[in-house]
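Coordinates as given in model-v2.tsv (TSV, C-alpha atoms and all ligand atoms):
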chain	number	residue	atom	x	y	z
A	175	MET	CA	168.03	38.53	-47.48
A	176	ARG	CA	164.88	36.61	-46.63
A	177	GLY	CA	164.01	38.32	-43.38
A	178	ARG	CA	167.52	38.33	-41.97
A	179	LEU	CA	168.84	41.38	-40.20
A	180	GLY	CA	172.38	40.78	-41.36
A	181	GLU	CA	174.36	38.34	-43.46
A	182	VAL	CA	177.94	37.40	-44.02
A	183	VAL	CA	178.28	36.49	-47.66
A	184	VAL	CA	181.32	34.31	-48.31
A	185	ASP	CA	182.57	34.02	-51.86
A	186	LEU	CA	184.17	30.59	-51.98
A	187	SER	CA	185.59	31.25	-55.44
A	188	ALA	CA	187.72	33.94	-53.77
A	189	VAL	CA	188.93	31.39	-51.21
A	190	ALA	CA	189.85	28.99	-54.02
A	191	GLY	CA	191.61	31.72	-55.96
A	192	ASN	CA	193.56	32.77	-52.87
A	193	VAL	CA	194.84	29.22	-52.35
A	194	ARG	CA	196.10	29.19	-55.95
A	195	THR	CA	197.60	32.65	-55.58
A	196	VAL	CA	199.60	31.75	-52.48
A	197	ALA	CA	200.67	28.39	-53.88
A	198	GLY	CA	201.85	30.18	-57.01
A	199	VAL	CA	203.94	32.67	-55.05
A	200	ALA	CA	205.28	30.29	-52.41
A	201	ARG	CA	205.61	27.17	-54.58
A	202	THR	CA	204.94	24.91	-51.60
A	203	GLY	CA	202.04	22.92	-50.30
A	204	VAL	CA	199.25	24.88	-48.62
A	205	MET	CA	197.65	24.25	-45.25
A	206	ALA	CA	194.35	26.11	-45.12
A	207	VAL	CA	193.95	27.38	-41.57
A	208	VAL	CA	190.25	27.02	-40.75
A	209	LYS	CA	190.39	27.54	-36.98
A	210	ALA	CA	187.74	29.68	-35.28
A	211	ASP	CA	185.10	28.55	-37.78
A	212	GLY	CA	187.29	29.48	-40.69
A	213	PHE	CA	188.03	32.96	-39.28
A	214	GLY	CA	184.25	33.42	-39.10
A	215	HIS	CA	183.63	32.35	-42.72
A	216	GLY	CA	182.36	28.83	-41.94
A	217	ALA	CA	185.07	26.18	-41.52
A	218	GLU	CA	183.50	23.37	-43.47
A	219	SER	CA	182.66	25.41	-46.58
A	220	VAL	CA	186.06	27.09	-46.58
A	221	ALA	CA	187.79	23.75	-46.11
A	222	ARG	CA	186.00	22.23	-49.10
A	223	ALA	CA	186.77	25.23	-51.30
A	224	ALA	CA	190.43	25.25	-50.25
A	225	ILE	CA	190.82	21.52	-50.83
A	226	GLY	CA	189.14	21.86	-54.21
A	227	ALA	CA	191.75	24.47	-55.12
A	228	GLY	CA	194.64	22.23	-54.16
A	229	ALA	CA	195.24	22.78	-50.45
A	230	GLY	CA	196.54	19.45	-49.17
A	231	TRP	CA	196.21	20.19	-45.47
A	232	LEU	CA	193.81	21.77	-43.00
A	233	GLY	CA	194.95	23.45	-39.79
A	234	VAL	CA	192.75	23.80	-36.73
A	235	THR	CA	193.27	24.87	-33.16
A	236	SER	CA	191.54	22.15	-31.24
A	237	SER	CA	190.31	18.58	-31.28
A	238	THR	CA	186.76	19.93	-31.19
A	239	GLU	CA	187.32	21.78	-34.45
A	240	ALA	CA	189.11	18.82	-36.03
A	241	LEU	CA	186.42	16.31	-35.12
A	242	VAL	CA	183.61	18.52	-36.39
A	243	LEU	CA	185.30	18.61	-39.79
A	244	ARG	CA	185.89	14.85	-39.72
A	245	SER	CA	182.24	14.20	-38.91
A	246	ALA	CA	181.32	16.39	-41.87
A	247	GLY	CA	183.17	13.85	-43.98
A	248	ILE	CA	186.34	15.84	-44.63
A	249	ARG	CA	189.14	13.27	-44.75
A	250	VAL	CA	192.18	15.26	-45.89
A	251	PRO	CA	195.31	15.52	-43.70
A	252	MET	CA	194.69	17.79	-40.75
A	253	LEU	CA	196.80	19.23	-37.94
A	254	SER	CA	195.38	20.25	-34.56
A	255	TRP	CA	197.65	22.33	-32.34
A	256	LEU	CA	196.28	23.41	-28.97
A	257	HIS	CA	195.33	20.79	-26.40
A	258	ARG	CA	194.73	20.34	-22.71
A	259	PRO	CA	197.46	18.35	-20.99
A	260	ASP	CA	194.88	15.85	-19.78
A	261	GLU	CA	193.13	15.58	-23.12
A	262	ASP	CA	192.00	12.17	-24.34
A	263	PHE	CA	193.81	11.97	-27.67
A	264	THR	CA	192.23	8.70	-28.80
A	265	ALA	CA	189.58	10.38	-30.97
A	266	LEU	CA	192.17	12.46	-32.82
A	267	ILE	CA	194.36	9.42	-33.40
A	268	ALA	CA	191.44	7.27	-34.52
A	269	GLU	CA	190.33	10.00	-36.93
A	270	ARG	CA	193.88	10.32	-38.28
A	271	VAL	CA	194.35	13.90	-37.23
A	272	ASP	CA	197.99	14.87	-36.72
A	273	VAL	CA	198.56	16.06	-33.19
A	274	ALA	CA	200.89	19.00	-32.64
A	275	VAL	CA	202.99	18.34	-29.55
A	276	SER	CA	204.80	21.01	-27.55
A	277	THR	CA	205.42	19.46	-24.13
A	278	LEU	CA	206.54	16.12	-22.73
A	279	THR	CA	203.29	15.84	-20.79
A	280	HIS	CA	201.33	16.05	-24.02
A	281	LEU	CA	203.67	13.61	-25.74
A	282	HIS	CA	203.25	11.03	-22.98
A	283	ALA	CA	199.47	11.45	-23.12
A	284	VAL	CA	199.45	11.01	-26.90
A	285	ALA	CA	201.65	7.90	-26.65
A	286	ALA	CA	199.40	6.47	-23.94
A	287	ALA	CA	196.32	7.07	-26.06
A	288	ALA	CA	197.99	5.40	-29.04
A	289	ALA	CA	198.84	2.38	-26.89
A	290	ARG	CA	195.23	2.17	-25.65
A	291	LEU	CA	193.99	2.33	-29.19
A	292	GLY	CA	196.58	-0.03	-30.62
A	293	ALA	CA	197.26	2.41	-33.46
A	294	PRO	CA	200.20	4.75	-33.86
A	295	ALA	CA	199.70	8.46	-33.26
A	296	ILE	CA	200.99	10.81	-35.89
A	297	VAL	CA	202.54	13.85	-34.26
A	298	GLN	CA	204.19	17.06	-35.36
A	299	LEU	CA	206.64	18.48	-32.87
A	300	LYS	CA	206.50	22.22	-32.33
A	301	ALA	CA	209.59	24.26	-31.49
A	302	ASP	CA	209.39	27.63	-29.76
A	303	ILE	CA	211.64	29.96	-31.75
A	304	GLY	CA	210.63	33.26	-30.17
A	305	LEU	CA	206.90	33.60	-29.58
A	306	SER	CA	207.11	32.18	-26.05
A	307	ARG	CA	203.72	30.60	-26.46
A	308	ASN	CA	203.40	26.96	-27.40
A	309	GLY	CA	206.31	24.89	-28.68
A	310	ALA	CA	209.32	23.60	-26.81
A	311	GLY	CA	212.36	25.84	-26.49
A	312	GLY	CA	215.77	25.71	-24.86
A	313	ASP	CA	216.62	22.41	-23.20
A	314	ASP	CA	213.03	21.24	-23.47
A	315	TRP	CA	213.40	20.76	-27.23
A	316	PRO	CA	216.18	18.10	-27.19
A	317	GLU	CA	214.32	16.30	-24.43
A	318	LEU	CA	211.02	16.34	-26.34
A	319	VAL	CA	212.78	15.18	-29.47
A	320	ALA	CA	214.56	12.34	-27.66
A	321	TRP	CA	211.34	11.07	-26.11
A	322	ALA	CA	209.54	11.32	-29.44
A	323	ARG	CA	212.30	9.26	-31.07
A	324	LYS	CA	212.06	6.68	-28.27
A	325	TYR	CA	208.28	6.32	-28.82
A	326	GLU	CA	208.85	6.16	-32.57
A	327	VAL	CA	211.33	3.30	-32.22
A	328	GLU	CA	208.84	1.49	-29.99
A	329	GLY	CA	206.19	1.98	-32.66
A	330	GLY	CA	203.57	3.98	-30.77
A	331	VAL	CA	204.24	7.35	-32.38
A	332	ARG	CA	205.31	8.56	-35.78
A	333	VAL	CA	206.85	12.03	-36.03
A	334	ARG	CA	205.63	13.31	-39.35
A	335	GLY	CA	206.46	16.95	-38.87
A	336	VAL	CA	208.59	19.56	-37.21
A	337	TRP	CA	207.23	23.06	-37.23
A	338	SER	CA	207.02	26.45	-35.55
A	339	HIS	CA	205.33	29.84	-35.77
A	340	LEU	CA	206.95	33.25	-36.34
A	341	THR	CA	206.48	36.31	-34.14
A	342	GLY	CA	205.40	38.63	-36.96
A	343	ALA	CA	206.47	38.25	-40.56
A	344	ASP	CA	204.12	41.07	-41.55
A	345	VAL	CA	206.15	43.71	-39.71
A	346	PRO	CA	208.00	45.92	-42.21
A	347	GLY	CA	211.68	45.02	-42.36
A	348	GLN	CA	210.84	41.76	-40.62
A	349	PRO	CA	213.02	42.26	-37.55
A	350	GLY	CA	213.82	38.98	-35.91
A	351	LEU	CA	213.03	36.89	-38.94
A	352	ALA	CA	216.64	35.95	-39.63
A	353	GLY	CA	217.24	35.01	-36.00
A	354	GLN	CA	214.05	32.98	-35.75
A	355	SER	CA	214.80	31.21	-39.03
A	356	ALA	CA	218.24	30.29	-37.70
A	357	THR	CA	216.76	29.03	-34.42
A	358	PHE	CA	214.31	26.93	-36.40
A	359	ARG	CA	217.06	25.44	-38.59
A	360	GLU	CA	218.96	24.55	-35.43
A	361	ALA	CA	215.87	22.89	-33.90
A	362	LEU	CA	215.47	20.90	-37.09
A	363	ARG	CA	219.12	19.82	-36.96
A	364	VAL	CA	218.67	18.65	-33.35
A	365	ALA	CA	215.60	16.65	-34.37
A	366	ARG	CA	217.38	15.00	-37.29
A	367	ASP	CA	220.48	14.28	-35.20
A	368	ALA	CA	218.22	12.48	-32.73
A	369	GLY	CA	217.15	10.18	-35.56
A	370	LEU	CA	213.84	11.77	-36.50
A	371	THR	CA	213.00	11.98	-40.20
A	372	PRO	CA	210.17	14.52	-40.46
A	373	GLU	CA	208.78	14.56	-43.98
A	374	LEU	CA	206.86	17.76	-43.30
A	375	VAL	CA	208.63	20.89	-42.14
A	376	HIS	CA	206.68	24.13	-41.90
A	377	LEU	CA	207.09	27.60	-40.49
A	378	ALA	CA	205.40	30.21	-42.67
A	379	ASN	CA	202.06	31.89	-42.05
A	380	SER	CA	200.44	34.08	-44.74
A	381	ALA	CA	202.86	36.97	-44.44
A	382	ALA	CA	205.92	34.72	-44.49
A	383	ALA	CA	204.52	32.59	-47.32
A	384	LEU	CA	204.20	35.69	-49.47
A	385	SER	CA	207.42	37.43	-48.52
A	386	ALA	CA	210.05	35.26	-46.82
A	387	PRO	CA	211.36	32.44	-49.04
A	388	GLN	CA	213.63	31.02	-46.32
A	389	THR	CA	210.55	30.18	-44.22
A	390	ARG	CA	208.64	28.20	-46.83
A	391	TYR	CA	209.92	24.61	-46.49
A	392	ASP	CA	207.23	22.03	-47.41
A	393	LEU	CA	204.05	23.80	-46.45
A	394	CYS	CA	202.70	27.27	-45.72
A	395	ARG	CA	199.93	27.62	-43.14
A	396	ILE	CA	197.70	30.36	-44.44
A	397	GLY	CA	194.88	32.13	-42.65
A	398	LEU	CA	194.64	35.80	-43.52
A	399	ALA	CA	195.64	35.33	-47.16
A	400	LEU	CA	193.22	32.44	-47.55
A	401	TYR	CA	190.41	34.84	-46.66
A	402	GLY	CA	191.77	37.39	-49.12
A	403	VAL	CA	193.31	40.01	-46.86
A	404	ASP	CA	196.81	41.12	-47.79
A	405	PRO	CA	198.99	40.98	-44.64
A	406	PHE	CA	201.05	43.92	-45.90
A	407	ASP	CA	198.17	46.04	-47.16
A	408	PRO	CA	195.04	45.03	-45.22
A	409	THR	CA	193.06	48.10	-46.31
A	410	GLY	CA	193.99	47.94	-49.97
A	411	PRO	CA	194.03	45.47	-52.83
A	412	GLY	CA	197.69	44.61	-52.15
A	413	ARG	CA	200.15	43.43	-54.74
A	414	PHE	CA	199.43	39.69	-54.82
A	415	GLY	CA	195.92	39.71	-56.26
A	416	LEU	CA	194.23	38.25	-53.19
A	417	ARG	CA	190.45	38.67	-53.11
A	418	PRO	CA	188.51	39.25	-49.89
A	419	ALA	CA	186.02	36.44	-49.39
A	420	MET	CA	183.82	38.04	-46.76
A	421	THR	CA	181.12	40.66	-47.17
A	422	LEU	CA	179.00	41.80	-44.24
A	423	ARG	CA	175.70	43.24	-45.37
A	424	THR	CA	172.42	44.38	-43.94
A	425	SER	CA	169.62	46.75	-44.84
A	426	VAL	CA	167.98	49.91	-43.57
A	427	VAL	CA	165.20	49.27	-41.04
A	428	ASN	CA	164.25	52.84	-40.21
A	429	VAL	CA	164.75	56.21	-41.92
A	430	LYS	CA	164.08	59.66	-40.54
A	431	ARG	CA	164.70	63.20	-41.62
A	432	VAL	CA	165.86	65.22	-38.61
A	433	PRO	CA	166.71	68.88	-38.01
A	434	ALA	CA	170.04	70.25	-36.83
A	435	GLY	CA	170.56	69.74	-33.10
A	436	THR	CA	169.12	66.22	-32.96
A	437	GLY	CA	170.79	63.81	-30.55
A	438	VAL	CA	171.67	60.38	-31.96
A	439	SER	CA	171.93	57.12	-29.98
A	440	TYR	CA	172.94	56.77	-26.30
A	441	GLY	CA	174.39	59.74	-24.52
A	442	PRO	CA	173.93	61.30	-26.95
A	443	ASP	CA	177.56	61.45	-28.03
A	444	HIS	CA	176.52	62.81	-31.37
A	445	VAL	CA	174.25	65.74	-32.18
A	446	THR	CA	173.47	66.62	-35.80
A	447	ASP	CA	174.98	69.88	-37.00
A	448	ARG	CA	172.55	70.21	-39.93
A	449	ALA	CA	169.31	68.80	-41.17
A	450	THR	CA	170.05	65.29	-42.34
A	451	THR	CA	168.68	61.82	-43.01
A	452	LEU	CA	169.40	59.12	-40.45
A	453	ALA	CA	169.25	55.45	-41.45
A	454	LEU	CA	169.06	52.76	-38.79
A	455	ILE	CA	170.85	49.47	-39.46
A	456	PRO	CA	170.19	46.35	-37.37
A	457	LEU	CA	173.78	45.37	-36.59
A	458	GLY	CA	175.65	46.29	-33.44
A	459	TYR	CA	178.54	45.19	-31.30
A	460	ALA	CA	176.98	41.79	-30.66
A	461	ASP	CA	177.32	41.27	-34.39
A	462	GLY	CA	180.93	42.38	-34.51
A	463	LEU	CA	180.68	46.14	-35.06
A	464	SER	CA	182.97	47.22	-32.26
A	465	ARG	CA	181.88	50.12	-30.06
A	466	THR	CA	185.44	51.40	-30.31
A	467	CYS	CA	184.78	52.36	-33.94
A	468	GLU	CA	182.55	55.23	-32.80
A	469	GLY	CA	183.28	58.39	-34.73
A	470	ARG	CA	185.39	56.63	-37.38
A	471	ALA	CA	183.47	53.89	-39.16
A	472	SER	CA	181.50	54.13	-42.39
A	473	VAL	CA	179.26	51.81	-44.38
A	474	TRP	CA	178.24	51.69	-48.04
A	475	LEU	CA	174.73	53.03	-48.57
A	476	ALA	CA	173.03	54.47	-51.66
A	477	GLY	CA	176.25	54.30	-53.64
A	478	ARG	CA	178.28	56.25	-51.11
A	479	ARG	CA	180.27	55.89	-47.94
A	480	CYS	CA	178.17	57.14	-45.06
A	481	PRO	CA	179.43	57.52	-41.49
A	482	ILE	CA	178.04	55.69	-38.50
A	483	VAL	CA	177.16	58.39	-35.99
A	484	GLY	CA	176.72	58.17	-32.25
A	485	ARG	CA	177.29	55.14	-30.11
A	486	ILE	CA	177.18	51.68	-31.64
A	487	ALA	CA	174.67	49.71	-29.58
A	488	MET	CA	174.46	45.97	-29.05
A	489	ASP	CA	172.02	45.36	-31.88
A	490	GLN	CA	171.95	48.46	-34.01
A	491	CYS	CA	173.58	51.69	-35.05
A	492	VAL	CA	172.70	54.86	-36.94
A	493	VAL	CA	174.11	55.95	-40.28
A	494	ASP	CA	174.14	59.58	-41.38
A	495	ALA	CA	173.02	59.53	-45.00
A	496	GLY	CA	173.07	63.32	-45.43
A	497	ASP	CA	170.77	64.30	-48.27
A	498	LEU	CA	170.99	60.98	-50.12
A	499	PRO	CA	167.69	59.46	-51.15
A	500	VAL	CA	167.48	56.57	-48.71
A	501	ALA	CA	164.45	54.34	-48.26
A	502	LEU	CA	163.40	51.61	-45.89
A	503	GLY	CA	164.93	48.30	-46.94
A	504	ASP	CA	167.84	49.82	-48.89
A	505	PRO	CA	170.89	47.51	-48.95
A	506	VAL	CA	173.90	48.39	-46.82
A	507	VAL	CA	177.37	46.89	-47.10
A	508	VAL	CA	179.34	47.15	-43.89
A	509	PHE	CA	182.50	45.85	-45.54
A	510	GLY	CA	183.54	43.65	-48.41
A	511	GLY	CA	183.09	43.37	-52.11
A	512	GLU	CA	179.89	41.46	-52.77
A	513	GLY	CA	177.37	44.18	-52.27
A	514	GLY	CA	174.98	43.32	-55.06
A	515	GLU	CA	173.53	46.66	-56.17
A	516	ALA	CA	175.89	48.47	-53.91
A	517	SER	CA	179.07	46.83	-55.12
A	518	GLY	CA	181.19	48.20	-57.84
A	519	GLY	CA	183.82	50.22	-56.07
A	520	GLY	CA	184.54	53.87	-56.52
A	521	ASP	CA	182.49	56.62	-55.07
A	522	PRO	CA	182.16	59.42	-57.60
A	523	SER	CA	182.34	61.92	-54.75
A	524	GLY	CA	185.86	60.71	-54.01
A	525	GLY	CA	185.01	59.34	-50.59
A	526	GLY	CA	186.35	55.85	-51.22
A	527	GLY	CA	184.60	52.66	-52.23
A	528	VAL	CA	183.01	49.93	-50.19
A	529	PRO	CA	184.85	49.80	-46.83
A	530	SER	CA	187.26	46.92	-46.41
A	531	VAL	CA	187.64	44.62	-43.44
A	532	GLY	CA	191.10	46.15	-43.02
A	533	GLU	CA	189.58	49.60	-42.61
A	534	TRP	CA	187.15	48.27	-40.02
A	535	ALA	CA	190.14	46.80	-38.21
A	536	ARG	CA	191.91	50.15	-38.26
A	537	TRP	CA	188.78	51.95	-37.02
A	538	ALA	CA	188.48	49.43	-34.18
A	539	GLY	CA	192.18	49.57	-33.32
A	540	THR	CA	192.65	45.87	-34.03
A	541	ASN	CA	193.60	43.47	-36.82
A	542	PRO	CA	191.40	42.06	-39.60
A	543	HIS	CA	191.53	38.64	-37.95
A	544	GLU	CA	189.65	39.98	-34.92
A	545	VAL	CA	187.03	41.74	-37.04
A	546	MET	CA	186.33	38.59	-39.07
A	547	THR	CA	186.26	36.23	-36.09
A	548	GLY	CA	184.18	38.75	-34.13
A	549	ILE	CA	181.12	38.59	-36.37
A	550	GLY	CA	178.40	37.29	-34.08
A	551	ALA	CA	176.80	33.88	-34.37
A	552	ARG	CA	173.36	35.35	-35.10
A	553	VAL	CA	174.62	36.76	-38.40
A	554	ALA	CA	173.83	34.09	-40.99
A	555	ARG	CA	176.63	32.84	-43.24
A	556	VAL	CA	175.70	32.52	-46.89
A	557	HIS	CA	178.16	30.76	-49.19
A	558	LEU	CA	178.46	31.56	-52.87
A	559	HIS	CA	180.14	29.45	-55.56
A	560	GLY	CA	180.59	26.41	-53.34
A	561	GLU	CA	180.69	22.89	-54.68
A	562	ARG	CA	177.14	22.24	-53.53
B	1	LIG	C1	196.34	31.26	-37.07
B	1	LIG	C2	197.60	30.57	-37.43
B	1	LIG	C3	198.13	30.64	-38.71
B	1	LIG	C4	197.56	31.54	-39.78
B	1	LIG	O1	198.16	32.81	-39.66
B	1	LIG	P1	197.91	33.98	-40.73
B	1	LIG	O2	198.86	35.03	-40.33
B	1	LIG	O3	196.48	34.37	-40.58
B	1	LIG	O4	198.21	33.39	-42.05
B	1	LIG	C5	199.26	29.89	-39.00
B	1	LIG	N1	199.83	29.11	-38.05
B	1	LIG	C6	199.35	29.03	-36.80
B	1	LIG	C7	200.04	28.17	-35.81
B	1	LIG	C8	198.23	29.75	-36.44
B	1	LIG	O5	197.76	29.68	-35.17
Any chance you could give the structure as C-alpha cells?
Amino acid sequence: MRGRLGEVVVDLSAVAGNVRTVAGVARTGVMAVVKADGFGHGAESVARAAIGAGAGWLGVTSSTEALVLRSAGIRVPMLSWLHRPDEDFTALIAERVDVAVSTLTHLHAVAAAAARLGAPAIVQLKADIGLSRNGAGGDDWPELVAWARKYEVEGGVRVRGVWSHLTGADVPGQPGLAGQSATFREALRVARDAGLTPELVHLANSAAALSAPQTRYDLCRIGLALYGVDPFDPTGPGRFGLRPAMTLRTSVVNVKRVPAGTGVSYGPDHVTDRATTLALIPLGYADGLSRTCEGRASVWLAGRRCPIVGRIAMDQCVVDAGDLPVALGDPVVVFGGEGGEASGGGDPSGGGGVPSVGEWARWAGTNPHEVMTGIGARVARVHLHGER
C-alpha cells in the first residue's frame, strides 16, 4: 500500500462484467450512472470500463461532472440531469451533453443558450411520475412538452428523450410500480401527441432493470448494479451474478495486549471483558466509517471477522482481535472482495466472510450508495484491470 493509510481498490473487470450482466438480463441499452465520482469508485475509470463493456451512455448529475469527463476525452453520449435555473448551458451544448429538462425556466435557458451558440441543444424531458422531486408533473408536463415542440420546430432544440425515475423498484412487491408505469406511459403519449418523436425512452434504475420488464424501454440507468451490489440482496451475492467492484482496505498501525477492564477509545463506551489483543486501524468517520456503526461493525483481520470496539473516531478505530496472532502492518479489509492475503471468503469459525458494503450499510442504518459515496477523499483509489 506504499505508505497509504487506506485504499479503495476498484476492480474494473467487475464493473465491466456487471454491465454485461445487466444488459443480458434487461436486453436494453445501458447508461452507466457515474455521478458522485462514480459512487466513490472514480468516475473516469468506471466510465471507461463501462463503455468498454458496451454501455452506450453515461449519466451524471451535474454539468461539472459532465465537463470533467469530457475534458478527460470521454466522448460517448452523456446525460446530465440536475441544474441551476440560471445555469449557463452553452458548455454542455457545445460539448454535446444531453440536458435533462424538468421545468419551463430551464427549457427557456437551454433554448437561449443554444441560440447564443448557434447550435441546437439536445434535451431529454423528464416527467415526474411520483417521486415529487425533479421532472414535470400534472399540468406542467403538457406545457413543457408544448414549449419543447415549439423550440424543436424553430430548430433550436431537439428532444431526443423522454424519461423519468421510479420511487423504489427495490421494495419487495414493488408497490406503486404499476401506477407509476401507467403515469409514465401517459406522459409519453402526451409527448408524442404534441408531435415529439423521442428516440430514447428510459425509466429503469438498477432494481427495475433487473426485475421490472415493463420499465425497460430503450435504456436502463444503472448505478448500484454497475458497482456490483444487488439491489434485492445488498448483503449477499444475489441471484444475478453481480460482482462488487469496491474493496476498502487498510492495515494495522498499532497492536497491544490488554487485560480485562481496559477502556477503549473515547468515553470509554467499551471496556474489555477479558484479556485481549487490540489492533488500531487508521480509518475513521472522515474516511467513511460511520460513527453510527459503533457496536455492530466488523472488519476482516488475520483470516477472521473481528469487531470494531468503542467509538469510531475521525481518523481511526480499534479492532478487537481476541487471541489471534496479529502483528503491526497486518492487512485489514473493511469490506469487499479484493483482500489479497485476506480474501477468499469463508471463516472456518463460522463467523462469516469478508464483510460486504451491504453489511456496512445495515450497520450504519443506511444504504450501500451512502457507504460507497461516503468514502473520504483522502482514501486513495486504486484501479485494477483498467484499460491503461
Ligand atoms: C442515481 C440514479 C440512478 C441509478 O440508480 P441505482 O438505483 O443506483 O441504479 C438512475 N437514475 C437516476 C435519475 C439517478 O439519479
*Given a cut-off of 6 Å, what residues near ligand LIG 1 (chain B) show up using only C-alpha atoms and all ligand atoms, put as a list in words?*
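Residues lying within 6 Å of ligand LIG 1 (chain B): Val207, His339, Asn379, Ser380, Arg395, Ile396, Gly397 and Leu398 of chain A.
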Handout entry: Residues near A:Ala538, cut-off 9 Å, all atoms listed in the file, skip fewer than 3 positions along chain, as a list in words
Key = Leu463, Ser464, Arg465, Thr466, Cys467, Glu468, Arg470, Ala471, Glu533, Trp534, Ala535, Asn541 and Val545 of chain A
Nearest candidate to A:Ile225 (options A:Ala265, A:Ala356, A:Ala382, A:Met252; using all atoms listed in the file):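 The shortest atom-to-atom distance to A:Ile225 comes from A:Met252.
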Centre and edges of the stretch 376-386 of chain A box, axis-aligned, 3 Å extra per side, as JSON:
{"center_x": 205.2, "center_y": 30.8, "center_z": -45.0, "size_x": 15.6, "size_y": 19.3, "size_z": 15.0}
All residues 10 Å or closer to stretch 306-312 of chain A, only C-alpha atoms, same chain fewer than 4 positions away omitted, as a ChimeraX atom specification: /A:255-256,274-278,299-302,316-319,337-339,341,357,361
Prev. selection, C-alpha atoms, output as a short mmCIF file (atom, residue, chain, number, x, y, z; two decimals), in the coordinates of the input:
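Dumped to result-v3.cif:
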data_model
loop_
_atom_site.label_atom_id
_atom_site.label_comp_id
_atom_site.auth_asym_id
_atom_site.auth_seq_id
_atom_site.Cartn_x
_atom_site.Cartn_y
_atom_site.Cartn_z
CA TRP A 255 197.65 22.33 -32.34
CA LEU A 256 196.28 23.41 -28.97
CA ALA A 274 200.89 19.00 -32.64
CA VAL A 275 202.99 18.34 -29.55
CA SER A 276 204.80 21.01 -27.55
CA THR A 277 205.42 19.46 -24.13
CA LEU A 278 206.54 16.12 -22.73
CA LEU A 299 206.64 18.48 -32.87
CA LYS A 300 206.50 22.22 -32.33
CA ALA A 301 209.59 24.26 -31.49
CA ASP A 302 209.39 27.63 -29.76
CA PRO A 316 216.18 18.10 -27.19
CA GLU A 317 214.32 16.30 -24.43
CA LEU A 318 211.02 16.34 -26.34
CA VAL A 319 212.78 15.18 -29.47
CA TRP A 337 207.23 23.06 -37.23
CA SER A 338 207.02 26.45 -35.55
CA HIS A 339 205.33 29.84 -35.77
CA THR A 341 206.48 36.31 -34.14
CA THR A 357 216.76 29.03 -34.42
CA ALA A 361 215.87 22.89 -33.90
#
**Message:** Just to confirm, what's the straight-line distance from atom CA of A:Trp321 to atom CA of A:Asp272 in Å (one decimal)?
**Reply:**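 One can read the atom CA of A:Trp321 to atom CA of A:Asp272 distance as 17.5 Å.
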- Tell me which of A:Leu362, A:Val553, A:Ala289, A:Leu340 sits closest to A:Trp315, counting only C-alpha atoms.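 Ranking A:Leu362, A:Val553, A:Ala289, A:Leu340 by distance to A:Trp315, first place goes to A:Leu362.
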Open item on the list: Nearest residue to A:Leu305 out of A:Gly437, A:Gly342, A:Pro418, A:Pro405, using all atoms listed in the file?
Closed with: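 Using all atoms listed in the file, A:Leu305 sits closest to A:Gly342.
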For A:Gly526, the closest of A:Val429, A:Leu291, A:Val473, A:Met546 counting only C-alpha atoms is A:Val473
Residues within 12 Å of A:Gly226, all atoms listed in the file, excluding chain neighbours under 6 positions, as a PDB file with C-alpha atoms, keeping the file's coordinate frame:
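Below is the file that was written, selection_29.pdb:
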ATOM      1  CA  LEU A 186     184.170  30.590 -51.980  1.00  0.00           C
ATOM      2  CA  SER A 187     185.590  31.250 -55.440  1.00  0.00           C
ATOM      3  CA  VAL A 189     188.930  31.390 -51.210  1.00  0.00           C
ATOM      4  CA  ALA A 190     189.850  28.990 -54.020  1.00  0.00           C
ATOM      5  CA  GLY A 191     191.610  31.720 -55.960  1.00  0.00           C
ATOM      6  CA  ASN A 192     193.560  32.770 -52.870  1.00  0.00           C
ATOM      7  CA  VAL A 193     194.840  29.220 -52.350  1.00  0.00           C
ATOM      8  CA  ARG A 194     196.100  29.190 -55.950  1.00  0.00           C
ATOM      9  CA  VAL A 204     199.250  24.880 -48.620  1.00  0.00           C
ATOM     10  CA  ALA A 206     194.350  26.110 -45.120  1.00  0.00           C
ATOM     11  CA  SER A 219     182.660  25.410 -46.580  1.00  0.00           C
ATOM     12  CA  VAL A 220     186.060  27.090 -46.580  1.00  0.00           C
ATOM     13  CA  ILE A 248     186.340  15.840 -44.630  1.00  0.00           C
ATOM     14  CA  VAL A 250     192.180  15.260 -45.890  1.00  0.00           C
ATOM     15  CA  HIS A 559     180.140  29.450 -55.560  1.00  0.00           C
ATOM     16  CA  GLY A 560     180.590  26.410 -53.340  1.00  0.00           C
ATOM     17  CA  GLU A 561     180.690  22.890 -54.680  1.00  0.00           C
TER      18      GLU A 561
END
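Of the residues under consideration (A:Gly247, A:Pro505, A:Gly214, A:Gly350), A:Pro505 shows the shortest atom-to-atom contact distance to A:Ile455 when counting all atoms listed in the file.
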Rounded to one decimal in Å, what is the spacing between atom CA of A:Trp537 and atom CA of A:Val438?
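Taking atom CA of A:Trp537 and atom CA of A:Val438, their separation equals 19.7 Å.
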| request: Point out the residue among A:Leu393, A:Ala501, A:Val506, A:Ala383 with the least atom-to-atom distance to A:Arg478, counting only C-alpha atoms. | output: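 With only C-alpha atoms as the atom set, the closest residue is A:Val506.
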Review point. Which residues come within 7 Å of A:His557, counting only C-alpha atoms, excluding same-chain residues fewer than 5 positions away, as a ChimeraX atom specification?
Key: /A:183-186
